[in-house]
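> Just passing along the structure, written as structure tokens.
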Amino acid sequence: MSPAPLRLTPTHWAWIVALLCGVAPLFATQALPLVDLPQHLHLISVLHRLDDASTLFPSVFERRVQLTPYLGYYYLVSWLSWLMPLELANRLFLAGYVAGLPLSLAFLLKSLKRPTWPALLALPFAYGDSFAWGFLNYCTALPLAFLTCGLFVRAIEDAPRRRRWAGGLAVALVAVLLFHVQVFAWLAVALPFLLLTSAAPEGPKAWRARVPAVVGVLPAVLLFVAWVGLRVGEPAEVAPGQPWKSWGPMLSKENLAWKSFDQNRDEFVPTLANMLPDGSDQLAVKVAFALAALGVLLALTTGRDPREGRVTRWRIVGLAALGVLLYFALPFDIRGYMYYLNTRFAHLAAALIVVCVPPLSKAWAERAVWLGVAVAVLTAFPLYRGFKAFDDESRALTELAADAAPSPRVMGLIFATGSRAMTHPVYLHASTVIARERGGLTNFSFALTPHSPLKYRGEPPPTFPSEWDPRPWAQYASAYDHFVVRGVHPSQVFGARLESEFFIAGQRGDFFLVRRR
């Protein structure tokens, strides 16, 4: 007998439409408006072309041999770029992340024997503040974390296939660590919570039923211990008041920066959608929360699902509560080690909050999935329009690369980091675009940071203390032959030297390229 043909139900079509809407903004522009993305793409390009003698890469950079938590993103996109151009490889990878967020939540919900349609309400949280800053390693670790939780539950509750689920759990949890350690920190409290609240079919006292799940966690835990030993064991440079330096011992009060409870409370919802100056991307977030609240009220009128036990019905709520707790309890910065720490957990907590809708009747659940499609449309439309506006503005920077010589040494003099189309300082790393396009280096690179899979072979190029204020630039200028200027005319920066030592090699839009004669 031939197998029955696959038939897509209306629910399947709803998911397909929603996911296509979710990823659509990523294809509205040739350059995505993410602050750190130029730095990420430059390092991936270096990783991919480390033996290319036509660039500066082999003479300046080398691989970092020790374990680093950012390996997952950099190496996966580098491998994809063997098959397609780098920016397309990165775009497809991010499309997988955006679609993977609701899909992984649906897998978790199904593992918890709950309805899967609320997972579509989480689509807006794939974007927002962390995405806009370009914290892509953190963002892409979120679907892996939700997948890990679902696998952990199945490794306890699905007796016939425990070992299979535990094997998948081991792989997924290691992947989380290789993407971002902060998401791993949430799993450090989420998995013990699930261990205590998940019911094995053999009964609550059958501790052997939980062994495969615990064993599946061990490889990542051992890897984490090894990483902590290497990272914490490295001496930190203590320089009070200086950016990117420790201001004291790691957990000392001098080195921890906190936000107040009131500030965290007031910033929670705005953090989830703050990419567009007109605030139009916030509508989808507010509608998602409203629909989740409506779903809870509707479920309360239809009675409790008999498949849920007295404790297990609260597991998804507990996972959300743990995310909220980390958002409010952790410091904002651990200087010299982790930055923007607690704020990133807003996206994780919000995604879990909106999927806490209890089971509805079958008829209501089939209708509710289309509410998720509506949220996806509300997410896609303003972001697509905003990304398209950024595309018109940012093409000038890409075109400017044609005026640079091969293998340039580029200094960024970005006195205006902002965009008319986006809220975040998306041009902070603008000089890195020129360096990547032409196989050169820039005055600031993530290769300086211990989480990068690359490092400098020798001393890094000299630069001013912070890209946010490119002064004093002149005392470091001798190490560079190209300068990307935005925010002022080059004559205001170089003065009389513009006629003798330097010249304007090109101008595109708001950007100038100045070269050494």
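In the structure tokens, each chain is lettered A, B, ... as it comes, each chain's residues begin at 1, and ligands are numbered from 1 in order of appearance.
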For stretch 21-31 of chain A, please output as an MDAnalysis selection string all residues within 6 Å (counting only C-alpha atoms; exclusion window: fewer than 4 positions along the same chain).

chainID A and resid 95 376:377 380 383:384 387:388 391

> Can I get the selected residues back with C-alpha atoms, as a tab-separated table (two decimals), in the first residue's frame?


chain	number	residue	atom	x	y	z
A	95	ALA	CA	15.09	33.26	9.62
A	376	ALA	CA	2.32	37.63	13.08
A	377	VAL	CA	0.87	40.08	10.54
A	380	ALA	CA	5.63	41.81	10.08
A	383	LEU	CA	9.02	45.97	10.77
A	384	TYR	CA	9.08	45.26	7.03
A	387	PHE	CA	13.63	47.69	7.54
A	388	LYS	CA	12.87	48.83	3.98
A	391	ASP	CA	17.71	49.74	3.36

> Stretch 219-409 of chain A: which residues are strand (DSSP E or B) by DSSP, as a PyMOL selection string?

chain A and resi 238+246+256-257+333-334+338+409

> Residues within 8 Å of A:Ala447, please, as a ChimeraX atom specification. Count only C-alpha atoms; anything in the same chain fewer than 5 positions from it doesn't count.

/A:43,452-456

> For the selection you just gave me, I'd like the residues written to a file as an mmCIF file, in the first residue's frame, keeping C-alpha atoms.


data_model
loop_
_atom_site.group_PDB
_atom_site.id
_atom_site.type_symbol
_atom_site.label_atom_id
_atom_site.label_comp_id
_atom_site.auth_asym_id
_atom_site.auth_seq_id
_atom_site.Cartn_x
_atom_site.Cartn_y
_atom_site.Cartn_z
ATOM 1 C CA LEU A 43 34.611 38.035 12.354
ATOM 2 C CA SER A 452 35.237 35.445 20.204
ATOM 3 C CA PRO A 453 36.571 32.370 18.341
ATOM 4 C CA LEU A 454 39.348 34.613 16.971
ATOM 5 C CA LYS A 455 42.046 36.772 18.505
ATOM 6 C CA TYR A 456 44.850 39.052 17.368
#

> Which residues, written as a list in words, have at least one atom at most 7 Å from A:Leu121, with only C-alpha atoms counted and residues fewer than 4 positions away on the same chain left out?

Ala288, Val354, Gly372 and Val375 of chain A

> Using only C-alpha atoms, determine which residues lie at most 10 Å from A:Val324, disregarding the query and same-chain residues fewer than 6 positions distant; provide the list as a PyMOL selection string.

chain A and resi 268+318+342+345-350+352-353

> Distance atom CA of A:Lys362-atom CA of A:Ala14, one decimal place?

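Interatomic distance here is 15.7 Å.
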
> Write out as a ChimeraX atom specification all residues of stretch 48-170 of chain A that backbone DSSP assigns to alpha helix (DSSP H).

/A:48,57-60,71-80,86-111,129-133,136-157,162-170

> In terms of the shortest atom-to-atom distance over only C-alpha atoms, which of A:Ala421, A:Ala257, A:Leu378, A:Val17 is closest to A:Asp278?

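Ranked by minimum distance to A:Asp278, first place goes to A:Ala421.
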